>>> print(open('my_file_26.cif').read())   # mmCIF, C-alpha atoms
data_entry
#
loop_
_atom_site.label_atom_id
_atom_site.label_comp_id
_atom_site.auth_asym_id
_atom_site.auth_seq_id
_atom_site.Cartn_x
_atom_site.Cartn_y
_atom_site.Cartn_z
CA MET A 169 -30.23 -29.46 -18.94
CA THR A 170 -29.02 -25.89 -19.21
CA THR A 171 -30.65 -23.94 -22.02
CA ARG A 172 -28.66 -21.63 -24.26
CA ARG A 173 -30.46 -18.66 -22.74
CA GLU A 174 -29.55 -19.71 -19.17
CA GLN A 175 -25.95 -20.24 -20.24
CA THR A 176 -25.73 -16.75 -21.73
CA SER A 177 -27.26 -15.29 -18.59
CA GLN A 178 -24.69 -17.07 -16.43
CA GLU A 179 -21.87 -15.84 -18.66
CA SER A 180 -23.13 -12.26 -18.41
CA ARG A 181 -23.36 -12.57 -14.65
CA ASP A 182 -19.77 -13.84 -14.45
CA ARG A 183 -18.46 -11.05 -16.66
CA ILE A 184 -20.24 -8.42 -14.58
CA LEU A 185 -18.89 -9.91 -11.34
CA THR A 186 -15.32 -10.03 -12.67
CA ALA A 187 -15.49 -6.43 -13.88
CA ALA A 188 -17.07 -5.23 -10.63
CA ALA A 189 -14.44 -6.99 -8.49
CA GLU A 190 -11.67 -5.31 -10.50
CA LEU A 191 -13.29 -1.88 -10.35
CA PHE A 192 -14.09 -2.05 -6.61
CA ALA A 193 -10.42 -2.88 -6.04
CA GLU A 194 -9.14 -0.12 -8.32
CA LYS A 195 -11.56 2.73 -7.62
CA GLY A 196 -13.26 1.72 -4.40
CA TYR A 197 -16.89 0.65 -3.98
CA ARG A 198 -18.40 4.11 -3.68
CA GLN A 199 -16.60 5.57 -6.69
CA THR A 200 -17.67 2.71 -8.99
CA THR A 201 -20.84 3.22 -11.03
CA PHE A 202 -23.03 0.82 -13.03
CA ALA A 203 -21.77 2.68 -16.11
CA ASP A 204 -18.16 1.78 -15.21
CA VAL A 205 -19.12 -1.88 -14.75
CA ALA A 206 -21.00 -1.87 -18.07
CA GLU A 207 -18.02 -0.41 -19.91
CA ARG A 208 -15.51 -2.84 -18.38
CA SER A 209 -17.67 -5.95 -18.81
CA GLY A 210 -19.17 -5.14 -22.19
CA ILE A 211 -22.64 -5.90 -20.78
CA SER A 212 -25.33 -3.25 -21.18
CA ARG A 213 -25.78 -0.96 -18.20
CA GLY A 214 -29.50 -1.75 -17.94
CA SER A 215 -29.00 -5.47 -17.41
CA ILE A 216 -26.83 -5.06 -14.30
CA PRO A 217 -29.70 -4.23 -11.92
CA TRP A 218 -31.70 -6.99 -13.67
CA HIS A 219 -29.05 -9.46 -12.46
CA PHE A 220 -28.16 -7.99 -9.08
CA GLY A 221 -30.89 -5.54 -8.05
CA SER A 222 -28.83 -2.73 -6.54
CA LYS A 223 -25.14 -1.80 -6.30
CA GLU A 224 -25.23 -3.28 -2.81
CA GLY A 225 -26.59 -6.51 -4.31
CA LEU A 226 -23.69 -6.50 -6.76
CA LEU A 227 -21.20 -6.02 -3.92
CA LEU A 228 -22.75 -8.88 -1.93
CA SER A 229 -22.51 -11.14 -4.99
CA VAL A 230 -18.87 -10.20 -5.53
CA LEU A 231 -18.12 -11.15 -1.92
CA GLU A 232 -20.23 -14.32 -2.21
CA ARG A 233 -18.19 -15.43 -5.21
CA SER A 234 -14.90 -14.66 -3.43
CA LEU A 235 -16.09 -16.72 -0.46
CA THR A 236 -16.97 -19.64 -2.77
CA GLN A 237 -13.56 -19.40 -4.44
CA ILE A 238 -11.79 -19.30 -1.08
CA ARG A 239 -13.80 -22.29 0.19
CA ALA A 240 -13.00 -24.25 -2.98
CA GLY A 241 -9.32 -23.41 -2.62
CA LEU A 242 -9.34 -24.55 0.99
CA ALA A 243 -11.36 -27.73 0.33
CA ASP A 244 -10.15 -30.11 3.01
CA GLY A 245 -12.97 -32.53 3.65
CA PRO A 246 -12.08 -35.79 5.41
CA GLU A 247 -11.80 -37.49 1.99
CA SER A 248 -9.10 -35.16 0.62
CA GLU A 249 -5.42 -35.99 0.81
CA PHE A 250 -4.89 -32.91 2.93
CA GLY A 251 -7.60 -33.98 5.35
CA LYS A 252 -6.38 -37.49 5.92
CA ASN A 253 -2.78 -36.98 6.71
CA ALA A 254 -1.60 -33.42 6.87
CA GLY A 255 1.49 -32.93 8.92
CA LEU A 256 2.82 -29.51 9.77
CA ASP A 257 4.76 -29.15 6.53
CA VAL A 258 1.98 -30.22 4.16
CA GLY A 259 -0.54 -27.99 5.92
CA PHE A 260 1.83 -25.08 6.00
CA ASP A 261 2.68 -25.52 2.31
CA ARG A 262 -1.03 -25.19 1.54
CA LEU A 263 -1.31 -22.07 3.66
CA MET A 264 1.77 -20.61 1.97
CA GLU A 265 0.26 -21.29 -1.46
CA GLY A 266 -2.89 -19.47 -0.39
CA ALA A 267 -0.88 -16.54 0.93
CA ARG A 268 1.25 -16.47 -2.22
CA ALA A 269 -1.90 -16.39 -4.37
CA LEU A 270 -2.89 -13.23 -2.48
CA THR A 271 0.25 -11.48 -3.70
CA THR A 272 -0.32 -12.39 -7.35
CA LEU A 273 -4.09 -12.22 -7.93
CA PRO A 274 -5.09 -9.04 -9.75
CA THR A 275 -8.09 -8.41 -7.49
CA THR A 276 -6.27 -8.95 -4.22
CA LYS A 277 -6.62 -5.29 -3.25
CA LEU A 278 -10.37 -5.83 -3.25
CA PHE A 279 -10.35 -7.31 0.23
CA VAL A 280 -8.62 -4.28 1.69
CA THR A 281 -10.94 -1.87 -0.10
CA LEU A 282 -14.00 -3.73 1.09
CA LEU A 283 -12.70 -4.03 4.63
CA VAL A 284 -13.39 -0.33 5.04
CA GLU A 285 -16.92 -0.75 3.73
CA ALA A 286 -17.41 -3.70 6.07
CA LEU A 287 -16.37 -1.58 9.05
CA GLU A 288 -19.08 1.04 8.40
CA PRO A 289 -21.70 0.92 11.16
CA GLY A 290 -24.66 -1.17 9.95
CA SER A 291 -22.80 -2.28 6.82
CA PRO A 292 -24.65 -5.02 4.90
CA ILE A 293 -21.36 -6.64 3.90
CA GLN A 294 -19.94 -6.90 7.41
CA GLY A 295 -21.57 -10.33 7.90
CA ARG A 296 -20.10 -11.64 4.64
CA TYR A 297 -16.69 -10.31 5.51
CA VAL A 298 -16.80 -11.99 8.91
CA GLU A 299 -17.79 -15.23 7.12
CA ILE A 300 -14.66 -14.97 4.97
CA HIS A 301 -12.48 -14.52 8.07
CA ASN A 302 -14.33 -17.39 9.74
CA ALA A 303 -13.78 -19.68 6.76
CA LEU A 304 -10.05 -18.94 6.86
CA ARG A 305 -9.79 -19.36 10.65
CA ASP A 306 -11.86 -22.60 10.63
CA HIS A 307 -9.70 -24.05 7.90
CA CYS A 308 -6.54 -23.22 9.80
CA ARG A 309 -7.97 -24.49 13.10
CA ARG A 310 -9.00 -27.86 11.60
CA TRP A 311 -5.47 -28.30 10.26
CA LEU A 312 -3.96 -27.36 13.64
CA GLU A 313 -6.25 -29.74 15.51
CA ARG A 314 -4.65 -32.64 13.64
CA LEU A 315 -1.21 -31.67 14.93
CA PRO A 316 0.10 -32.69 18.37
CA LEU A 317 -0.18 -29.14 19.75
CA PRO A 318 1.10 -28.55 23.28
CA PRO A 319 -1.63 -27.39 25.72
CA GLU A 320 -0.25 -23.83 25.87
CA LEU A 321 -1.04 -23.44 22.15
CA PRO A 322 -4.83 -23.66 21.76
CA ALA A 323 -5.80 -24.21 18.09
CA GLU A 324 -8.46 -21.48 18.18
CA ALA A 325 -6.16 -18.67 19.36
CA LEU A 326 -3.29 -19.92 17.20
CA SER A 327 -5.48 -19.84 14.09
CA VAL A 328 -6.39 -16.19 14.76
CA MET A 329 -2.67 -15.42 14.98
CA ILE A 330 -1.70 -17.35 11.83
CA ILE A 331 -4.51 -15.87 9.69
CA GLY A 332 -3.68 -12.47 11.19
CA ALA A 333 -0.04 -12.84 10.17
CA GLY A 334 -1.16 -13.71 6.63
CA ILE A 335 -3.42 -10.65 6.46
CA GLY A 336 -0.90 -8.25 7.98
CA ILE A 337 2.09 -9.47 5.96
CA HIS A 338 0.02 -9.11 2.80
CA GLN A 339 -0.93 -5.53 3.65
CA GLN A 340 2.65 -4.50 4.41
CA TRP A 341 3.64 -5.97 1.05
CA LEU A 342 0.81 -4.17 -0.80
CA LEU A 343 2.11 -0.83 0.50
CA ALA A 344 5.81 -1.46 0.05
CA PRO A 345 6.39 -4.36 -2.38
CA ASN A 346 10.09 -3.54 -2.70
CA GLN A 347 10.74 -3.51 1.04
CA VAL A 348 8.66 -6.44 2.25
CA ASN A 349 9.29 -10.07 1.29
CA PRO A 350 6.12 -12.02 2.18
CA ASP A 351 7.69 -15.45 1.56
CA GLN A 352 10.54 -14.83 4.00
CA ALA A 353 8.13 -13.50 6.63
CA LEU A 354 5.85 -16.54 6.31
CA THR A 355 8.87 -18.85 6.50
CA THR A 356 9.72 -17.45 9.95
CA LEU A 357 6.20 -18.39 11.08
CA ARG A 358 6.75 -21.94 9.84
CA THR A 359 10.11 -22.08 11.65
CA LEU A 360 8.44 -20.94 14.89
CA LEU A 361 5.66 -23.53 14.55
CA LYS A 362 8.16 -26.30 13.90
CA ALA A 363 10.10 -25.32 17.02
CA ALA A 364 6.97 -25.45 19.19
CA VAL A 365 5.12 -28.45 17.75
CA PRO A 366 6.65 -31.93 17.89
CA PRO A 367 6.81 -33.80 14.53
CA THR A 368 3.66 -35.71 13.58
CA PRO A 369 4.09 -39.49 14.02
CA LYS A 370 4.16 -41.29 10.63
CA MET B 733 9.16 32.42 24.37
CA THR B 734 5.78 31.39 23.06
CA THR B 735 3.37 34.27 22.65
CA ARG B 736 -0.27 33.99 23.64
CA ARG B 737 -1.20 34.19 19.97
CA GLU B 738 1.10 31.30 19.00
CA GLN B 739 -0.27 29.24 21.86
CA THR B 740 -3.86 29.76 20.72
CA SER B 741 -2.88 28.86 17.19
CA GLN B 742 -1.27 25.61 18.40
CA GLU B 743 -4.38 24.78 20.41
CA SER B 744 -6.62 25.36 17.40
CA ARG B 745 -4.37 23.16 15.29
CA ASP B 746 -4.55 20.36 17.85
CA ARG B 747 -8.32 20.58 18.13
CA ILE B 748 -8.70 20.45 14.34
CA LEU B 749 -6.36 17.44 14.09
CA THR B 750 -8.19 15.53 16.83
CA ALA B 751 -11.57 16.20 15.21
CA ALA B 752 -10.29 15.29 11.75
CA ALA B 753 -8.75 12.01 12.96
CA GLU B 754 -12.08 11.03 14.56
CA LEU B 755 -14.11 11.97 11.50
CA PHE B 756 -11.79 10.25 9.00
CA ALA B 757 -12.14 7.09 11.10
CA GLU B 758 -15.91 7.38 11.42
CA LYS B 759 -16.94 8.61 7.98
CA GLY B 760 -13.89 7.97 5.81
CA TYR B 761 -11.57 10.58 4.33
CA ARG B 762 -13.61 11.35 1.22
CA GLN B 763 -16.91 11.75 3.02
CA THR B 764 -15.47 14.21 5.57
CA THR B 765 -15.81 17.92 4.76
CA PHE B 766 -14.17 21.02 6.26
CA ALA B 767 -17.65 21.89 7.58
CA ASP B 768 -17.74 18.57 9.51
CA VAL B 769 -14.31 19.25 10.99
CA ALA B 770 -15.34 22.82 11.92
CA GLU B 771 -18.48 21.57 13.67
CA ARG B 772 -16.68 18.83 15.61
CA SER B 773 -13.70 20.97 16.63
CA GLY B 774 -15.55 24.21 17.30
CA ILE B 775 -12.99 26.06 15.13
CA SER B 776 -14.33 28.23 12.31
CA ARG B 777 -14.43 26.56 8.91
CA GLY B 778 -12.37 29.29 7.28
CA SER B 779 -9.36 28.82 9.54
CA ILE B 780 -8.87 25.15 8.62
CA PRO B 781 -7.29 25.83 5.21
CA TRP B 782 -5.31 28.64 6.88
CA HIS B 783 -3.68 25.99 9.11
CA PHE B 784 -3.43 23.08 6.69
CA GLY B 785 -3.84 24.38 3.14
CA SER B 786 -6.03 21.66 1.62
CA LYS B 787 -7.93 18.61 2.85
CA GLU B 788 -4.96 16.57 1.67
CA GLY B 789 -2.70 18.76 3.82
CA LEU B 790 -5.00 18.07 6.77
CA LEU B 791 -4.79 14.31 6.14
CA LEU B 792 -1.00 14.44 5.94
CA SER B 793 -0.86 16.33 9.24
CA VAL B 794 -3.16 13.79 10.89
CA LEU B 795 -0.83 10.99 9.76
CA GLU B 796 2.24 13.01 10.79
CA ARG B 797 0.86 13.38 14.30
CA SER B 798 0.02 9.66 14.50
CA LEU B 799 3.55 8.84 13.43
CA THR B 800 4.98 11.14 16.12
CA GLN B 801 2.73 9.54 18.74
CA ILE B 802 3.74 6.04 17.64
CA ARG B 803 7.45 6.98 17.69
CA ALA B 804 7.09 8.48 21.18
CA GLY B 805 5.30 5.34 22.38
CA LEU B 806 8.05 3.14 20.97
CA ALA B 807 10.92 5.30 22.26
CA ASP B 808 13.69 2.80 22.87
CA GLY B 809 16.94 4.69 22.56
CA PRO B 810 20.05 2.98 23.94
CA GLU B 811 19.63 4.93 27.20
CA SER B 812 16.12 3.65 27.98
CA GLU B 813 15.52 0.71 30.28
CA PHE B 814 14.00 -1.19 27.39
CA GLY B 815 17.03 -0.56 25.23
CA LYS B 816 19.65 -1.67 27.71
CA ASN B 817 18.34 -4.99 28.81
CA ALA B 818 15.22 -6.16 27.07
CA GLY B 819 14.78 -9.89 27.13
CA LEU B 820 12.07 -11.64 25.19
CA ASP B 821 9.45 -11.16 27.89
CA VAL B 822 10.04 -7.44 28.51
CA GLY B 823 10.12 -6.72 24.79
CA PHE B 824 7.04 -8.77 24.16
CA ASP B 825 5.19 -7.10 27.02
CA ARG B 826 5.86 -3.76 25.36
CA LEU B 827 4.60 -5.03 22.02
CA MET B 828 1.51 -6.47 23.71
CA GLU B 829 0.81 -3.11 25.37
CA GLY B 830 1.06 -1.44 21.97
CA ALA B 831 -1.27 -3.98 20.40
CA ARG B 832 -3.70 -3.67 23.31
CA ALA B 833 -3.74 0.12 22.92
CA LEU B 834 -4.87 -0.46 19.33
CA THR B 835 -7.98 -2.26 20.57
CA THR B 836 -8.95 0.52 22.98
CA LEU B 837 -8.01 3.80 21.28
CA PRO B 838 -11.08 5.56 19.89
CA THR B 839 -9.36 6.43 16.60
CA THR B 840 -7.95 2.99 15.93
CA LYS B 841 -10.18 2.50 12.89
CA LEU B 842 -8.41 5.44 11.29
CA PHE B 843 -5.47 3.32 10.19
CA VAL B 844 -7.69 0.88 8.34
CA THR B 845 -9.69 3.67 6.70
CA LEU B 846 -6.54 5.43 5.57
CA LEU B 847 -4.93 2.22 4.34
CA VAL B 848 -7.37 2.27 1.45
CA GLU B 849 -6.46 5.89 0.64
CA ALA B 850 -2.79 4.98 0.86
CA LEU B 851 -3.27 2.18 -1.68
CA GLU B 852 -4.69 4.53 -4.33
CA PRO B 853 -2.23 4.86 -7.23
CA GLY B 854 -0.17 8.03 -6.74
CA SER B 855 -1.58 8.61 -3.26
CA PRO B 856 0.22 11.41 -1.39
CA ILE B 857 -0.21 9.57 1.91
CA GLN B 858 1.31 6.28 0.75
CA GLY B 859 4.81 7.43 1.75
CA ARG B 860 3.63 8.42 5.22
CA TYR B 861 1.84 5.15 5.66
CA VAL B 862 4.93 3.20 4.66
CA GLU B 863 6.89 5.29 7.22
CA ILE B 864 4.46 4.17 9.94
CA HIS B 865 4.93 0.52 8.96
CA ASN B 866 8.70 1.07 8.80
CA ALA B 867 8.76 2.63 12.27
CA LEU B 868 6.90 -0.39 13.68
CA ARG B 869 9.09 -2.91 11.86
CA ASP B 870 12.33 -1.12 12.82
CA HIS B 871 11.30 -1.01 16.44
CA CYS B 872 10.50 -4.70 16.42
CA ARG B 873 13.70 -5.58 14.56
CA ARG B 874 15.91 -3.64 17.01
CA TRP B 875 14.33 -5.54 19.87
CA LEU B 876 14.80 -8.88 18.09
CA GLU B 877 18.44 -8.12 17.30
CA ARG B 878 19.17 -8.05 21.03
CA LEU B 879 17.85 -11.59 21.43
CA PRO B 880 19.94 -14.70 20.71
CA LEU B 881 17.98 -15.54 17.54
CA PRO B 882 18.89 -18.79 15.76
CA PRO B 883 20.23 -18.25 12.20
CA GLU B 884 17.03 -19.60 10.60
CA LEU B 885 15.10 -16.69 12.13
CA PRO B 886 16.43 -13.47 10.56
CA ALA B 887 15.31 -10.41 12.56
CA GLU B 888 14.16 -8.54 9.44
CA ALA B 889 11.77 -11.23 8.17
CA LEU B 890 10.62 -12.05 11.70
CA SER B 891 9.72 -8.41 12.35
CA VAL B 892 7.54 -8.33 9.21
CA MET B 893 5.73 -11.41 10.52
CA ILE B 894 5.28 -10.09 14.07
CA ILE B 895 4.01 -6.66 12.96
CA GLY B 896 1.84 -8.44 10.39
CA ALA B 897 0.31 -10.62 13.09
CA GLY B 898 -0.44 -7.49 15.15
CA ILE B 899 -2.12 -5.79 12.17
CA GLY B 900 -4.09 -8.85 11.08
CA ILE B 901 -5.25 -9.85 14.58
CA HIS B 902 -6.43 -6.28 15.15
CA GLN B 903 -8.44 -6.28 11.92
CA GLN B 904 -10.12 -9.60 12.68
CA TRP B 905 -11.05 -8.20 16.08
CA LEU B 906 -12.41 -4.93 14.61
CA LEU B 907 -14.79 -6.95 12.43
CA ALA B 908 -15.86 -9.53 14.99
CA PRO B 909 -15.05 -8.30 18.52
CA ASN B 910 -17.17 -11.05 20.11
CA GLN B 911 -15.47 -13.89 18.22
CA VAL B 912 -11.83 -12.84 18.26
CA ASN B 913 -9.73 -12.51 21.40
CA PRO B 914 -6.63 -10.48 20.46
CA ASP B 915 -4.84 -11.14 23.78
CA GLN B 916 -5.06 -14.91 23.42
CA ALA B 917 -3.89 -14.75 19.80
CA LEU B 918 -0.88 -12.59 20.72
CA THR B 919 -0.06 -14.93 23.59
CA THR B 920 0.34 -17.83 21.14
CA LEU B 921 2.89 -15.73 19.24
CA ARG B 922 4.82 -15.18 22.46
CA THR B 923 4.68 -18.92 23.21
CA LEU B 924 6.04 -19.71 19.75
CA LEU B 925 8.86 -17.17 20.12
CA LYS B 926 9.81 -18.57 23.52
CA ALA B 927 9.96 -22.08 22.07
CA ALA B 928 12.29 -20.98 19.27
CA VAL B 929 14.54 -18.47 21.04
CA PRO B 930 16.78 -19.58 23.92
CA PRO B 931 16.46 -17.50 27.13
CA THR B 932 18.59 -14.34 27.24
CA PRO B 933 21.63 -14.73 29.55
CA LYS B 934 21.28 -12.56 32.70
#
>>> encode(input="my_file_26.cif", output="structure tokens")
Amino acid sequence: MTTRREQTSQESRDRILTAAAELFAEKGYRQTTFADVAERSGISRGSIPWHFGSKEGLLLSVLERSLTQIRAGLADGPESEFGKNAGLDVGFDRLMEGARALTTLPTTKLFVTLLVEALEPGSPIQGRYVEIHNALRDHCRRWLERLPLPPELPAEALSVMIIGAGIGIHQQWLLAPNQVNPDQALTTLRTLLKAAVPPTPK
Amino acid sequence: MTTRREQTSQESRDRILTAAAELFAEKGYRQTTFADVAERSGISRGSIPWHFGSKEGLLLSVLERSLTQIRAGLADGPESEFGKNAGLDVGFDRLMEGARALTTLPTTKLFVTLLVEALEPGSPIQGRYVEIHNALRDHCRRWLERLPLPPELPAEALSVMIIGAGIGIHQQWLLAPNQVNPDQALTTLRTLLKAAVPPTPK
């Protein structure tokens, strides 16, 4: 049973993480201070290190939560509808939904901001960032492996390309939202896949 | 006629730009100081603002030079061999070469580092960054418009997807060079295009 005190602690933690994710996206990791996070979250400045240790600990927890959210969104165990019988269209619809979420979530810029941190030599978040990419690629690969792919389209390499297209289309849109239509770009990828992959037998 | 003095000035400018591009990629824009650039380039600290005004002016000039280099690399006027008769394979080979250069150039990380700067609200470099994306998309679109594309593959949307795939594959590789093979991923894109686009008539 969760005590009232534990529940409050969990709520504080969540509010700090939400505020930190927003601020890292808006101001960048380095420019964000504990004082900023305290102001945004309404939680006292002193309790932030109590929850997360250091600013680096806070960043790792923000990434950890994003990874959990992504994994939950992608849930495709063998028991799920998606897992059992996902043809090209169903699978692609799910990928499109995920990509569309990227263009509407308020903290979507976070991943770009943190990419730079992750690329620093010896960065503690590089491993987490690679895990996020791996989770996306694995999800895509497992979907592709259920399709009758021709031998010249290995699922592994194709998943790098599809996730790459999602990342790169999103970034072009972030910079020029009036010039770039992410939906139309993703639809061309679906059209290409349908031309190359024979329909799944019913 | 170029005087000796003008020539020296141009050389100093080039050395400063090369050093700045390296340092922005390695340390990030904000962490780089004029003193760092002076040390790396061997040009006195005081002459940097003389050439570029402010640090922001230096950043804009670094981006300007990258844009010129990219445009030169993509040169495909109607008189060039590429322009006259570029089938899917020739065009794709050129795109592959460009993408491969991204994985070998020492300053390739610069574009990711600066992307974050470009995404800052009111950033002075956002316009330049959008120009770089536009130059890449336009180049790709002009190539696609020479191919017999089916109507469900508009060149504009397809070019956003192809450039996006290049950007996103490159970033996955930057983070996990031992797990991601950019060549194999790009080859799947070529395979998909060949399946969807009929061969160009000779």
>>> closest_atom_pairs(input="my_file_26.cif", of="chain B", to="chain A", cutoff="6 Å", atoms="only C-alpha atoms", output="tab-separated table")
residue	atom	partner	partner_atom	distance
B:Thr845	CA	A:Val284	CA	5.7
B:Val848	CA	A:Thr281	CA	5.7
B:Leu885	CA	A:Thr356	CA	5.9
B:Ala889	CA	A:Ala353	CA	4.6
B:Leu890	CA	A:Thr356	CA	5.7
B:Val892	CA	A:Ala353	CA	5.8
B:Met893	CA	A:Ala353	CA	5.0
B:Gly896	CA	A:Gly336	CA	3.7
B:Ala897	CA	A:Ala333	CA	3.7
B:Ile899	CA	A:Gly336	CA	5.0
B:Gly900	CA	A:Gly332	CA	3.6
B:Ile901	CA	A:Gly332	CA	4.6
B:Gln916	CA	A:Ala325	CA	5.6
B:Ala917	CA	A:Ala325	CA	4.6
B:Thr920	CA	A:Leu326	CA	5.8
B:Leu924	CA	A:Leu360	CA	5.6
B:Ala927	CA	A:Ala364	CA	5.3
B:Ala928	CA	A:Ala363	CA	5.4
>>> atom_distance(input="my_file_26.cif", atom1="atom CA of A:Gln199", atom2="atom CA of A:Leu226")
14.0 Å
>>> residues_around(input="my_file_26.cif", residues="A:Ile211", least_positions_apart="2", cutoff="8 Å", atoms="all atoms listed in the file", output="number ranges by chain")
A: 180, 183-184, 206-207, 209, 213, 215-216
>>> atom_distance(input="my_file_26.cif", atom1="atom CA of B:Leu879", atom2="atom CA of B:Arg922")
13.6 Å
>>> atom_distance(input="my_file_26.cif", atom1="atom CA of B:Gln742", atom2="atom CA of B:Gly789")
16.2 Å
>>> resolve_selection(input="my_file_26.cif", expression="the PyMOL selection byres ((chain A and resi 220) around 12)", output="PyMOL selection string")
chain A and resi 180-182+184-185+188+202+213-219+221-230
>>> closest_residue(input="my_file_26.cif", among="B:Ile864, B:Pro930, B:Thr750, B:Glu796", to="B:Pro880", atoms="all atoms listed in the file")
B:Pro930
>>> resolve_selection(input="my_file_26.cif", expression="the PyMOL selection byres ((chain B and resi 827) around 10)", output="PyMOL selection string")
chain B and resi 806+821-826+828-833+868+871-872+875+894-895+898+918
